[in-house]
Amino acid sequence: MQEIPGDLKFMKSHEWARVEDKGTVTVGISDHAQSQLGDLVYVELPSVGDHVQAGNACAVVESVKAASDVYSPVSGEIVAINEALPDKPETINEDAFGEGWIFVVKPDSLAEDMEGLLDPDAYVELIENEEH
Amino acid sequence: MPFIPHSEADVGAMLKAIGVARIEDLFDEIPPALKIDALAKVPPGLSEMDVTRLMKERAAMDGTPLNFAGAGAYEHHIPAAVWAIVSRGEFYSAYTPYQAEASQGTLQLIYEYQTMMTRLTGMDVSNASLYDGATALAEAVLMAERCMKKGPRRVLVPRSVHPAYRKTLHTIVALQDIEVVEIDFAHDGADAGGVDPAWLAKQDFGAFTALVIPQPNFFGVLEHVDALTDWAHEKGALVIGVVNPVSLAVLKAPGQWGRTGADIVCGDGQPLGVPLSSGGPYFGILACKQEYVRQMPGRIVGRTTDLDGREGFALTLQAREQHIRRAKATSNICTNQGLLVTAATITMAMLGPEGVRRVAANSMANTRALRDKLVKIPGVRVLFQRSCFHEVALALPKPASEIVERLAHDNIVAGVALGEEFPELGDALLVCATETKTTADIDRFAASMARALA
């Protein structure tokens with residue numbers, strides 16, 4: 001299992017969010033999520049310029065055995081998408097917290113949205129409870 | 001293994017296991033006022049002997065008329081071997097099995113069907129079939145909307161598309177917030193009977209997701225598919241072809257329409273080995289370019305290798321489907337018309353490309369011979385001057401429905417009267433002579449028509 005970087009926050013639905021220096025939020029799915037899904041074969045990305053609501057689905061990751069919506073942890077505008085993913089979806093399996101990022105949001109009300117997210121310890125506790 | 005579920009002992013054991021005395025107790029939640037004992041309009045059950053007799057009597061009422069009607073369902077010769085093979089136990093199912101990969105033979109057959117369809121249509125991918133041509137068009141439109149993320153949710157559909165297909169399309173997509181804009185075909189001039197690309201270029205329909213192009217169209221007329229395809233693509237829209245698979249043996253494949261080809265192709269597979277059988281069951285064809293495959297509904301079989309390196313077949317891209325994607329699946333379609341696809345695949349395999357081409361060419365030749373005979377009758381003329389496949393619309397000097405009824409007395413199905421769906425066409429009759437018709441049949445039809453119009 002990949003070690004969880006300390007600057008990440010998590011949704012209960014296994015997305016991670018990182019607040020970048022310039023105030024944007026990078027979003028991906030956790031290493032735990034990718035290991036549960038298995039080999040990813042397809043990623044459906046949102047479009048740059050889309051407006052997303054916190055908690056709404058805006059991307060899809062698809063493995064050989066399941067398809068799963070990716071929810072945005074924050075509300076705002078999509079300002080970047082990881083265009084390498086459609087050709088190399090396995091990047092998420094290999095490096096979920098790094099090269100496997102999915103999209104970047106310019107948040108509308110950052111502090112408010114981040115409040116509801118879990119820190120790495122709380123997230124680890126969540127997945128440990130899930131496993132038992 | 002005989003499939004006889006729920007013997008009295010089984011039911012008793014199951015009820016005992018869950019601690020319920022009678023099956024009726026399971027429905028206690030439903031207030032008695034909402035329950036009915038029997039369906040008033042449904043008669044009680046009949047024995048097999050009685051049903052067989054009743055059905056034979058009803059079937060005999062159809063008689064064996066000489067049939068010159070087409071309009072979406074076509075009488076072709078079906079080699080005797082086709083349904084003999086289809087009826088074998090190994091094939092005799094309407095479904096892909098639930099544990100699909102355990103049935104390698106079924107999957108191989110579907111894979112071969114898909115290969116044949118991609119070759120006929122010039123598309124990259126075909127699914128394992130849908131219910132019929134009309135629902136395949138509706139699925140193609142829904143698919144086009146998914147391909148165009150945040151598209152305009154409007155599609156252009158010429159009135160030269162089969163009226164039943166347009167009604168089905170409306171029924172399926174109207175409540176999904178998709179606007180179906182019907183565009184007219186030309187009524188005058190050299191382009192009458194099909195969409196006139198020059199007229200189309202002058203119209204402003206606003207933004208739209210896809211243009212539907214029927215080829216041949218409902219009147220048998222060949223549309224200007226190249227010009228129509230390029231026009232739609234220049235507008236940023238997709239092109240959905242509605243085709244008769246037999247015609248593709250002699251016509252340009254939709255994949256070659258215009259500069260870049262149609263994007264999605266659908267149609268009814270009935271002409272390929274499926275009997276008319278009072279209107280169904282038939283099967284729907286759906287094929288597309290590779291880039292749109294993830295938005296395609298229905299089952300798709302792929303070829304692969306197993307752990308030992310042996311060739312095998314597997315259902316593929318299943319994350320599009322309901323059992324994985326649930327509410328967000330591409331469609332509620334999660335099966336295919338397996339039995340009819342089996343018949344079509346065996347038919348195509350037996351005829352071969354040259355055989356299908358001869359069916360198409362002979363049907364065209366017979367329809368031309370029929371047309372030439374009928375227009376010699378005073379008052380009968382060809383309604384549209386454009387090239388046709390194996391169907392032609394004729395203007396009659398008397399109401400067409402009346403003529404259809406008159407010829408029925410001579411044991412001839414004269415064709416389909418167009419007045420009900422297209423009042424502006426007046427006394428028009430759509431006729432079709434497939435490869436099954438002989439010169440004597442055509443002469444008999446012409447003589448009967450001449451008497452009726454005299």
# chains A, B, ... in the order shown; residues from 1 in each chain; ligands from 1
call {"tool": "select_by_dssp", "arguments": {"residues": "stretch 7-83 of chain A", "states": "strand (DSSP E or B)", "output": "ChimeraX atom specification"}}
result
/A:9-10,15-19,25-29,40-44,51-52,57-63,67-71,76-81
call {"tool": "write_last_selection", "arguments": {"atoms": "N, CA and C atoms", "output": "short mmCIF file (atom, residue, chain, number, x, y, z; two decimals), in the first residue's frame"}}
result
data_model
loop_
_atom_site.label_atom_id
_atom_site.label_comp_id
_atom_site.auth_asym_id
_atom_site.auth_seq_id
_atom_site.Cartn_x
_atom_site.Cartn_y
_atom_site.Cartn_z
N LYS A 9 -6.48 15.40 1.99
CA LYS A 9 -7.74 15.22 2.73
C LYS A 9 -8.60 14.25 1.91
N PHE A 10 -9.49 13.56 2.60
CA PHE A 10 -10.24 12.48 1.93
C PHE A 10 -11.74 12.61 2.08
N GLU A 15 -12.11 9.66 -2.55
CA GLU A 15 -11.36 10.64 -3.33
C GLU A 15 -10.40 11.37 -2.39
N TRP A 16 -9.24 11.76 -2.91
CA TRP A 16 -8.37 12.62 -2.12
C TRP A 16 -8.34 14.02 -2.73
N ALA A 17 -8.04 15.01 -1.89
CA ALA A 17 -7.96 16.40 -2.33
C ALA A 17 -6.71 17.02 -1.74
N ARG A 18 -5.99 17.76 -2.57
CA ARG A 18 -4.81 18.47 -2.07
C ARG A 18 -4.95 19.94 -2.44
N VAL A 19 -4.85 20.82 -1.42
CA VAL A 19 -4.90 22.26 -1.69
C VAL A 19 -3.50 22.70 -2.10
N VAL A 25 -7.46 23.01 -6.06
CA VAL A 25 -7.53 21.72 -5.38
C VAL A 25 -7.35 20.59 -6.42
N THR A 26 -6.31 19.77 -6.20
CA THR A 26 -6.09 18.62 -7.07
C THR A 26 -6.82 17.42 -6.49
N VAL A 27 -7.46 16.63 -7.38
CA VAL A 27 -8.31 15.53 -6.91
C VAL A 27 -7.90 14.22 -7.58
N GLY A 28 -7.91 13.16 -6.80
CA GLY A 28 -7.67 11.82 -7.34
C GLY A 28 -8.44 10.81 -6.52
N ILE A 29 -8.19 9.51 -6.78
CA ILE A 29 -8.79 8.49 -5.92
C ILE A 29 -7.67 7.85 -5.11
N LEU A 40 -7.32 -0.73 -13.83
CA LEU A 40 -8.18 0.25 -14.49
C LEU A 40 -7.96 0.19 -16.00
N VAL A 41 -9.08 0.30 -16.71
CA VAL A 41 -9.00 0.21 -18.18
C VAL A 41 -9.53 1.46 -18.86
N TYR A 42 -10.16 2.35 -18.10
CA TYR A 42 -10.76 3.51 -18.75
C TYR A 42 -11.02 4.59 -17.71
N VAL A 43 -10.79 5.83 -18.11
CA VAL A 43 -11.10 6.97 -17.25
C VAL A 43 -11.88 7.98 -18.07
N GLU A 44 -13.03 8.36 -17.56
CA GLU A 44 -13.82 9.39 -18.24
C GLU A 44 -13.64 10.69 -17.48
N HIS A 51 -18.52 23.40 -14.35
CA HIS A 51 -18.68 23.76 -12.94
C HIS A 51 -19.17 22.53 -12.18
N VAL A 52 -18.48 22.22 -11.09
CA VAL A 52 -18.86 21.01 -10.35
C VAL A 52 -19.32 21.39 -8.94
N ALA A 57 -20.87 13.62 -8.86
CA ALA A 57 -19.97 12.85 -9.72
C ALA A 57 -19.52 13.71 -10.89
N CYS A 58 -18.22 13.66 -11.20
CA CYS A 58 -17.78 14.42 -12.37
C CYS A 58 -16.74 13.66 -13.18
N ALA A 59 -16.39 12.45 -12.77
CA ALA A 59 -15.50 11.61 -13.57
C ALA A 59 -15.89 10.16 -13.29
N VAL A 60 -15.41 9.24 -14.15
CA VAL A 60 -15.69 7.82 -13.95
C VAL A 60 -14.39 7.05 -14.12
N VAL A 61 -14.13 6.14 -13.21
CA VAL A 61 -13.00 5.23 -13.40
C VAL A 61 -13.58 3.82 -13.58
N GLU A 62 -13.01 3.12 -14.53
CA GLU A 62 -13.57 1.83 -14.90
C GLU A 62 -12.46 0.79 -14.87
N SER A 63 -12.73 -0.32 -14.17
CA SER A 63 -11.76 -1.41 -14.14
C SER A 63 -12.34 -2.60 -14.86
N ALA A 67 -17.23 -0.19 -12.53
CA ALA A 67 -17.11 1.21 -12.92
C ALA A 67 -17.53 2.03 -11.72
N SER A 68 -16.82 3.11 -11.46
CA SER A 68 -17.10 3.85 -10.24
C SER A 68 -17.06 5.35 -10.54
N ASP A 69 -18.04 6.07 -10.02
CA ASP A 69 -18.05 7.52 -10.17
C ASP A 69 -16.99 8.13 -9.26
N VAL A 70 -16.42 9.24 -9.73
CA VAL A 70 -15.50 10.00 -8.91
C VAL A 70 -16.20 11.31 -8.54
N TYR A 71 -16.32 11.57 -7.22
CA TYR A 71 -17.05 12.76 -6.76
C TYR A 71 -16.06 13.88 -6.50
N GLY A 76 -16.68 24.17 -7.55
CA GLY A 76 -15.84 25.13 -8.27
C GLY A 76 -15.76 24.79 -9.74
N GLU A 77 -14.74 25.39 -10.39
CA GLU A 77 -14.60 25.22 -11.82
C GLU A 77 -13.42 24.30 -12.11
N ILE A 78 -13.61 23.37 -13.04
CA ILE A 78 -12.51 22.49 -13.45
C ILE A 78 -11.52 23.33 -14.25
N VAL A 79 -10.27 23.40 -13.78
CA VAL A 79 -9.27 24.21 -14.49
C VAL A 79 -8.20 23.34 -15.15
N ALA A 80 -8.13 22.06 -14.80
CA ALA A 80 -7.18 21.16 -15.47
C ALA A 80 -7.67 19.73 -15.34
N ILE A 81 -7.36 18.92 -16.35
CA ILE A 81 -7.65 17.49 -16.29
C ILE A 81 -6.38 16.74 -16.67
#
call {"tool": "interface_residues", "arguments": {"of": "chain B", "to": "chain A", "cutoff": "12 Å", "atoms": "only C-alpha atoms", "output": "ChimeraX atom specification"}}
result
/B:147,149-150,294-295,315-329
call {"tool": "write_last_selection", "arguments": {"atoms": "N, CA and C atoms", "output": "compact mmCIF listing (two decimals), in the first residue's frame"}}
result
# COMPACT_ATOMS: atom_id res chain seq x y z
N CYS B 147 -22.40 10.53 -26.76
CA CYS B 147 -21.11 10.78 -27.42
C CYS B 147 -20.79 12.26 -27.42
N LYS B 149 -21.00 14.99 -25.33
CA LYS B 149 -21.23 15.44 -23.96
C LYS B 149 -21.84 16.83 -24.00
N LYS B 150 -22.87 17.05 -23.23
CA LYS B 150 -23.54 18.35 -23.18
C LYS B 150 -23.94 18.81 -24.58
N ARG B 294 -17.65 3.02 -26.22
CA ARG B 294 -18.02 3.03 -24.80
C ARG B 294 -19.40 3.59 -24.55
N GLN B 295 -19.96 4.23 -25.55
CA GLN B 295 -21.33 4.73 -25.40
C GLN B 295 -22.34 3.79 -26.05
N LEU B 315 -17.48 -11.82 -23.17
CA LEU B 315 -18.20 -10.55 -23.22
C LEU B 315 -17.20 -9.46 -22.83
N THR B 316 -17.25 -8.34 -23.54
CA THR B 316 -16.25 -7.32 -23.29
C THR B 316 -16.91 -5.96 -23.08
N LEU B 317 -16.14 -5.03 -22.51
CA LEU B 317 -16.61 -3.67 -22.21
C LEU B 317 -17.92 -3.70 -21.41
N GLN B 318 -17.97 -4.61 -20.43
CA GLN B 318 -19.23 -4.78 -19.69
C GLN B 318 -19.53 -3.64 -18.74
N ALA B 319 -18.53 -2.79 -18.49
CA ALA B 319 -18.81 -1.68 -17.57
C ALA B 319 -19.80 -0.68 -18.17
N ARG B 320 -20.15 -0.86 -19.47
CA ARG B 320 -21.21 -0.02 -20.05
C ARG B 320 -22.59 -0.49 -19.59
N GLU B 321 -22.65 -1.72 -19.07
CA GLU B 321 -23.93 -2.39 -18.93
C GLU B 321 -24.50 -2.32 -17.53
N GLN B 322 -25.80 -2.62 -17.47
CA GLN B 322 -26.56 -2.45 -16.23
C GLN B 322 -26.02 -3.20 -15.03
N HIS B 323 -25.53 -4.43 -15.24
CA HIS B 323 -25.15 -5.22 -14.07
C HIS B 323 -23.91 -4.64 -13.40
N ILE B 324 -23.19 -3.74 -14.07
CA ILE B 324 -22.06 -3.07 -13.44
C ILE B 324 -22.35 -1.59 -13.22
N ARG B 325 -22.83 -0.91 -14.25
CA ARG B 325 -22.99 0.55 -14.15
C ARG B 325 -24.32 0.95 -13.52
N ARG B 326 -25.22 0.01 -13.36
CA ARG B 326 -26.55 0.26 -12.78
C ARG B 326 -27.25 1.43 -13.46
N ALA B 327 -27.71 2.42 -12.67
CA ALA B 327 -28.54 3.49 -13.22
C ALA B 327 -27.82 4.27 -14.32
N LYS B 328 -26.49 4.25 -14.30
CA LYS B 328 -25.75 5.03 -15.28
C LYS B 328 -25.30 4.20 -16.48
N ALA B 329 -25.87 3.02 -16.64
CA ALA B 329 -25.53 2.19 -17.79
C ALA B 329 -25.93 2.91 -19.07
call {"tool": "residues_around", "arguments": {"residues": "A:Ser75", "least_positions_apart": "5", "cutoff": "9 Å", "atoms": "only C-alpha atoms", "output": "list in words"}}
result
His51, Val52, Gln53, Ala54, Gly55, Asn56, Val105, Lys106, Pro107, Asp108, Ser109, Leu110 and Asp113 of chain A
call {"tool": "select_by_dssp", "arguments": {"residues": "stretch 47-122 of chain A", "states": "helix (DSSP H, G or I)", "output": "list in words"}}
result
Glu90, Thr91, Ile92, Asn93, Glu94, Leu110, Ala111, Glu112, Asp113, Met114, Glu115, Pro120, Asp121 and Ala122 of chain A
call {"tool": "write_last_selection", "arguments": {"atoms": "C-alpha atoms", "output": "compact mmCIF listing (two decimals), in the first residue's frame"}}
result
# COMPACT_ATOMS: atom_id res chain seq x y z
CA GLU A 90 -3.08 2.19 -15.22
CA THR A 91 -1.22 5.28 -13.99
CA ILE A 92 -3.86 5.44 -11.22
CA ASN A 93 -3.01 1.85 -10.19
CA GLU A 94 0.70 2.68 -10.17
CA LEU A 110 -12.63 26.33 -0.12
CA ALA A 111 -12.65 26.51 3.69
CA GLU A 112 -16.28 25.45 3.93
CA ASP A 113 -15.88 22.44 1.63
CA MET A 114 -12.61 21.26 3.20
CA GLU A 115 -14.20 21.19 6.64
CA PRO A 120 -5.12 10.84 6.62
CA ASP A 121 -5.45 9.22 10.07
CA ALA A 122 -9.23 9.40 10.04
call {"tool": "atom_distance", "arguments": {"atom1": "atom CA of B:Ala59", "atom2": "atom CA of B:Ser278"}}
result
9.9 Å
call {"tool": "residues_around", "arguments": {"residues": "stretch 330-340 of chain B", "least_positions_apart": "6", "cutoff": "10 Å", "atoms": "only C-alpha atoms", "output": "PDB file with N, CA and C atoms, in the first residue's frame"}}
result
ATOM      1  N   TRP B  83     -33.075 -22.700 -40.396  1.00  0.00           N
ATOM      2  CA  TRP B  83     -33.822 -22.917 -39.158  1.00  0.00           C
ATOM      3  C   TRP B  83     -33.652 -24.335 -38.637  1.00  0.00           C
ATOM      4  N   VAL B  86     -30.622 -23.600 -36.552  1.00  0.00           N
ATOM      5  CA  VAL B  86     -30.971 -22.720 -35.426  1.00  0.00           C
ATOM      6  C   VAL B  86     -31.729 -23.495 -34.341  1.00  0.00           C
ATOM      7  N   SER B  87     -32.552 -24.462 -34.761  1.00  0.00           N
ATOM      8  CA  SER B  87     -33.383 -25.193 -33.801  1.00  0.00           C
ATOM      9  C   SER B  87     -32.605 -26.223 -32.984  1.00  0.00           C
ATOM     10  N   PHE B  91     -28.090 -24.117 -29.883  1.00  0.00           N
ATOM     11  CA  PHE B  91     -28.315 -22.727 -30.283  1.00  0.00           C
ATOM     12  C   PHE B  91     -29.646 -22.176 -29.798  1.00  0.00           C
ATOM     13  N   TYR B  92     -30.579 -23.069 -29.405  1.00  0.00           N
ATOM     14  CA  TYR B  92     -31.965 -22.669 -29.307  1.00  0.00           C
ATOM     15  C   TYR B  92     -32.257 -21.856 -28.050  1.00  0.00           C
ATOM     16  N   SER B  93     -31.773 -20.620 -28.033  1.00  0.00           N
ATOM     17  CA  SER B  93     -32.070 -19.716 -26.928  1.00  0.00           C
ATOM     18  C   SER B  93     -32.131 -18.304 -27.472  1.00  0.00           C
ATOM     19  N   ALA B  94     -33.017 -17.510 -26.888  1.00  0.00           N
ATOM     20  CA  ALA B  94     -33.128 -16.117 -27.304  1.00  0.00           C
ATOM     21  C   ALA B  94     -32.079 -15.252 -26.613  1.00  0.00           C
ATOM     22  N   TYR B  95     -31.309 -15.841 -25.706  1.00  0.00           N
ATOM     23  CA  TYR B  95     -30.447 -15.035 -24.848  1.00  0.00           C
ATOM     24  C   TYR B  95     -28.989 -15.441 -24.932  1.00  0.00           C
ATOM     25  N   THR B  96     -28.123 -14.476 -24.551  1.00  0.00           N
ATOM     26  CA  THR B  96     -26.780 -14.897 -24.193  1.00  0.00           C
ATOM     27  C   THR B  96     -26.910 -15.508 -22.809  1.00  0.00           C
ATOM     28  N   PRO B  97     -26.238 -16.623 -22.559  1.00  0.00           N
ATOM     29  CA  PRO B  97     -26.389 -17.271 -21.260  1.00  0.00           C
ATOM     30  C   PRO B  97     -25.821 -16.396 -20.141  1.00  0.00           C
ATOM     31  N   TYR B  98     -26.321 -16.611 -18.923  1.00  0.00           N
ATOM     32  CA  TYR B  98     -25.863 -15.765 -17.817  1.00  0.00           C
ATOM     33  C   TYR B  98     -24.393 -15.990 -17.515  1.00  0.00           C
ATOM     34  N   THR B 106     -21.853 -20.226 -28.472  1.00  0.00           N
ATOM     35  CA  THR B 106     -22.765 -19.095 -28.634  1.00  0.00           C
ATOM     36  C   THR B 106     -21.982 -17.803 -28.815  1.00  0.00           C
ATOM     37  N   LEU B 107     -20.947 -17.625 -27.979  1.00  0.00           N
ATOM     38  CA  LEU B 107     -20.165 -16.396 -28.071  1.00  0.00           C
ATOM     39  C   LEU B 107     -19.424 -16.316 -29.416  1.00  0.00           C
ATOM     40  N   LEU B 109     -20.418 -17.563 -32.212  1.00  0.00           N
ATOM     41  CA  LEU B 109     -21.409 -17.211 -33.229  1.00  0.00           C
ATOM     42  C   LEU B 109     -21.702 -15.708 -33.202  1.00  0.00           C
ATOM     43  N   ILE B 110     -21.877 -15.154 -32.003  1.00  0.00           N
ATOM     44  CA  ILE B 110     -22.167 -13.719 -31.907  1.00  0.00           C
ATOM     45  C   ILE B 110     -20.968 -12.907 -32.418  1.00  0.00           C
ATOM     46  N   ASN B 127     -22.579  -4.357 -32.007  1.00  0.00           N
ATOM     47  CA  ASN B 127     -22.946  -5.069 -30.784  1.00  0.00           C
ATOM     48  C   ASN B 127     -23.603  -6.395 -31.168  1.00  0.00           C
ATOM     49  N   ALA B 128     -24.083  -7.123 -30.155  1.00  0.00           N
ATOM     50  CA  ALA B 128     -24.621  -8.466 -30.386  1.00  0.00           C
ATOM     51  C   ALA B 128     -26.066  -8.433 -30.851  1.00  0.00           C
ATOM     52  N   SER B 129     -26.611  -7.246 -31.142  1.00  0.00           N
ATOM     53  CA  SER B 129     -27.967  -6.990 -31.642  1.00  0.00           C
ATOM     54  C   SER B 129     -28.846  -6.360 -30.578  1.00  0.00           C
ATOM     55  N   LEU B 130     -29.922  -5.726 -31.057  1.00  0.00           N
ATOM     56  CA  LEU B 130     -30.936  -5.136 -30.187  1.00  0.00           C
ATOM     57  C   LEU B 130     -32.278  -5.748 -30.587  1.00  0.00           C
ATOM     58  N   TYR B 131     -33.390  -5.162 -30.087  1.00  0.00           N
ATOM     59  CA  TYR B 131     -34.690  -5.808 -30.298  1.00  0.00           C
ATOM     60  C   TYR B 131     -35.194  -5.743 -31.734  1.00  0.00           C
ATOM     61  N   ASP B 132     -35.128  -4.549 -32.329  1.00  0.00           N
ATOM     62  CA  ASP B 132     -35.598  -4.412 -33.706  1.00  0.00           C
ATOM     63  C   ASP B 132     -35.048  -3.106 -34.270  1.00  0.00           C
ATOM     64  N   GLU B 139     -32.029   3.804 -29.712  1.00  0.00           N
ATOM     65  CA  GLU B 139     -30.773   3.605 -28.970  1.00  0.00           C
ATOM     66  C   GLU B 139     -29.627   4.368 -29.635  1.00  0.00           C
ATOM     67  N   LEU B 142     -29.967   7.997 -28.533  1.00  0.00           N
ATOM     68  CA  LEU B 142     -29.524   8.160 -27.144  1.00  0.00           C
ATOM     69  C   LEU B 142     -28.005   8.073 -27.064  1.00  0.00           C
ATOM     70  N   MET B 143     -27.452   7.153 -27.852  1.00  0.00           N
ATOM     71  CA  MET B 143     -25.999   6.964 -27.880  1.00  0.00           C
ATOM     72  C   MET B 143     -25.311   8.215 -28.408  1.00  0.00           C
ATOM     73  N   ARG B 146     -24.993  10.780 -25.822  1.00  0.00           N
ATOM     74  CA  ARG B 146     -23.922  10.503 -24.860  1.00  0.00           C
ATOM     75  C   ARG B 146     -22.548  10.795 -25.460  1.00  0.00           C
ATOM     76  N   GLY B 269     -32.615  -6.281 -38.810  1.00  0.00           N
ATOM     77  CA  GLY B 269     -31.930  -7.429 -39.390  1.00  0.00           C
ATOM     78  C   GLY B 269     -32.849  -8.452 -40.027  1.00  0.00           C
ATOM     79  N   GLN B 270     -34.176  -8.194 -39.988  1.00  0.00           N
ATOM     80  CA  GLN B 270     -35.138  -9.193 -40.473  1.00  0.00           C
ATOM     81  C   GLN B 270     -34.828  -9.750 -41.860  1.00  0.00           C
ATOM     82  N   LEU B 272     -32.367 -10.755 -43.170  1.00  0.00           N
ATOM     83  CA  LEU B 272     -31.320 -11.772 -43.158  1.00  0.00           C
ATOM     84  C   LEU B 272     -31.807 -13.045 -42.471  1.00  0.00           C
ATOM     85  N   GLY B 273     -32.695 -13.792 -43.107  1.00  0.00           N
ATOM     86  CA  GLY B 273     -33.043 -15.112 -42.581  1.00  0.00           C
ATOM     87  C   GLY B 273     -34.141 -15.164 -41.552  1.00  0.00           C
ATOM     88  N   VAL B 274     -34.818 -14.037 -41.297  1.00  0.00           N
ATOM     89  CA  VAL B 274     -35.886 -14.030 -40.299  1.00  0.00           C
ATOM     90  C   VAL B 274     -37.238 -13.984 -41.025  1.00  0.00           C
ATOM     91  N   PRO B 275     -38.135 -14.946 -40.749  1.00  0.00           N
ATOM     92  CA  PRO B 275     -39.434 -14.953 -41.440  1.00  0.00           C
ATOM     93  C   PRO B 275     -40.286 -13.747 -41.043  1.00  0.00           C
ATOM     94  N   PRO B 281     -40.921 -11.792 -33.815  1.00  0.00           N
ATOM     95  CA  PRO B 281     -39.768 -10.966 -33.448  1.00  0.00           C
ATOM     96  C   PRO B 281     -38.757 -10.838 -34.581  1.00  0.00           C
ATOM     97  N   TYR B 282     -38.153  -9.650 -34.658  1.00  0.00           N
ATOM     98  CA  TYR B 282     -37.042  -9.406 -35.577  1.00  0.00           C
ATOM     99  C   TYR B 282     -35.808  -9.090 -34.727  1.00  0.00           C
ATOM    100  N   PHE B 283     -34.784  -8.504 -35.312  1.00  0.00           N
ATOM    101  CA  PHE B 283     -33.681  -8.040 -34.452  1.00  0.00           C
ATOM    102  C   PHE B 283     -33.096  -6.735 -34.983  1.00  0.00           C
ATOM    103  N   GLY B 284     -32.538  -5.956 -34.065  1.00  0.00           N
ATOM    104  CA  GLY B 284     -31.969  -4.657 -34.428  1.00  0.00           C
ATOM    105  C   GLY B 284     -30.467  -4.742 -34.580  1.00  0.00           C
ATOM    106  N   ARG B 294     -17.650   3.018 -26.222  1.00  0.00           N
ATOM    107  CA  ARG B 294     -18.015   3.027 -24.801  1.00  0.00           C
ATOM    108  C   ARG B 294     -19.399   3.586 -24.546  1.00  0.00           C
ATOM    109  N   GLN B 295     -19.961   4.227 -25.546  1.00  0.00           N
ATOM    110  CA  GLN B 295     -21.333   4.730 -25.401  1.00  0.00           C
ATOM    111  C   GLN B 295     -22.343   3.792 -26.050  1.00  0.00           C
ATOM    112  N   MET B 296     -21.854   2.698 -26.615  1.00  0.00           N
ATOM    113  CA  MET B 296     -22.764   1.771 -27.301  1.00  0.00           C
ATOM    114  C   MET B 296     -23.516   0.920 -26.273  1.00  0.00           C
ATOM    115  N   PRO B 297     -24.833   0.735 -26.444  1.00  0.00           N
ATOM    116  CA  PRO B 297     -25.564  -0.147 -25.546  1.00  0.00           C
ATOM    117  C   PRO B 297     -25.462  -1.603 -26.001  1.00  0.00           C
ATOM    118  N   GLY B 298     -25.878  -2.505 -25.133  1.00  0.00           N
ATOM    119  CA  GLY B 298     -25.985  -3.910 -25.511  1.00  0.00           C
ATOM    120  C   GLY B 298     -24.703  -4.683 -25.290  1.00  0.00           C
ATOM    121  N   ARG B 299     -24.814  -5.973 -25.547  1.00  0.00           N
ATOM    122  CA  ARG B 299     -23.689  -6.872 -25.320  1.00  0.00           C
ATOM    123  C   ARG B 299     -22.699  -6.810 -26.478  1.00  0.00           C
ATOM    124  N   ILE B 300     -21.426  -6.958 -26.170  1.00  0.00           N
ATOM    125  CA  ILE B 300     -20.386  -7.034 -27.194  1.00  0.00           C
ATOM    126  C   ILE B 300     -19.499  -8.228 -26.848  1.00  0.00           C
ATOM    127  N   GLN B 318     -17.971  -4.609 -20.428  1.00  0.00           N
ATOM    128  CA  GLN B 318     -19.229  -4.779 -19.691  1.00  0.00           C
ATOM    129  C   GLN B 318     -19.529  -3.645 -18.736  1.00  0.00           C
ATOM    130  N   ALA B 319     -18.534  -2.795 -18.491  1.00  0.00           N
ATOM    131  CA  ALA B 319     -18.811  -1.683 -17.571  1.00  0.00           C
ATOM    132  C   ALA B 319     -19.796  -0.682 -18.166  1.00  0.00           C
ATOM    133  N   ARG B 320     -20.153  -0.855 -19.469  1.00  0.00           N
ATOM    134  CA  ARG B 320     -21.210  -0.022 -20.053  1.00  0.00           C
ATOM    135  C   ARG B 320     -22.586  -0.487 -19.587  1.00  0.00           C
ATOM    136  N   GLU B 321     -22.645  -1.722 -19.073  1.00  0.00           N
ATOM    137  CA  GLU B 321     -23.930  -2.391 -18.930  1.00  0.00           C
ATOM    138  C   GLU B 321     -24.501  -2.316 -17.529  1.00  0.00           C
ATOM    139  N   GLN B 322     -25.802  -2.618 -17.467  1.00  0.00           N
ATOM    140  CA  GLN B 322     -26.563  -2.447 -16.231  1.00  0.00           C
ATOM    141  C   GLN B 322     -26.025  -3.203 -15.027  1.00  0.00           C
ATOM    142  N   HIS B 323     -25.525  -4.435 -15.244  1.00  0.00           N
ATOM    143  CA  HIS B 323     -25.147  -5.220 -14.071  1.00  0.00           C
ATOM    144  C   HIS B 323     -23.914  -4.640 -13.396  1.00  0.00           C
ATOM    145  N   ILE B 346     -26.163 -17.658 -39.767  1.00  0.00           N
ATOM    146  CA  ILE B 346     -26.132 -18.870 -40.588  1.00  0.00           C
ATOM    147  C   ILE B 346     -26.556 -18.540 -42.019  1.00  0.00           C
TER     148      ILE B 346
END
call {"tool": "closest_residue", "arguments": {"among": "B:Ser247, B:Thr121, B:Gln99, B:Thr135", "to": "B:Ala262", "atoms": "only C-alpha atoms"}}
result
B:Thr121
call {"tool": "atom_distance", "arguments": {"atom1": "atom CA of B:Gly302", "atom2": "atom CA of B:Glu112"}}
result
10.0 Å
call {"tool": "residues_around", "arguments": {"residues": "B:Ala287", "least_positions_apart": "6", "cutoff": "7 Å", "atoms": "only C-alpha atoms", "output": "list in words"}}
result
Thr118, Met123, Val125, Ser126, Asn127, Ile264, Val265 and Cys266 of chain B
call {"tool": "atom_distance", "arguments": {"atom1": "atom CA of B:Pro214", "atom2": "atom CA of B:Ala237"}}
result
16.2 Å
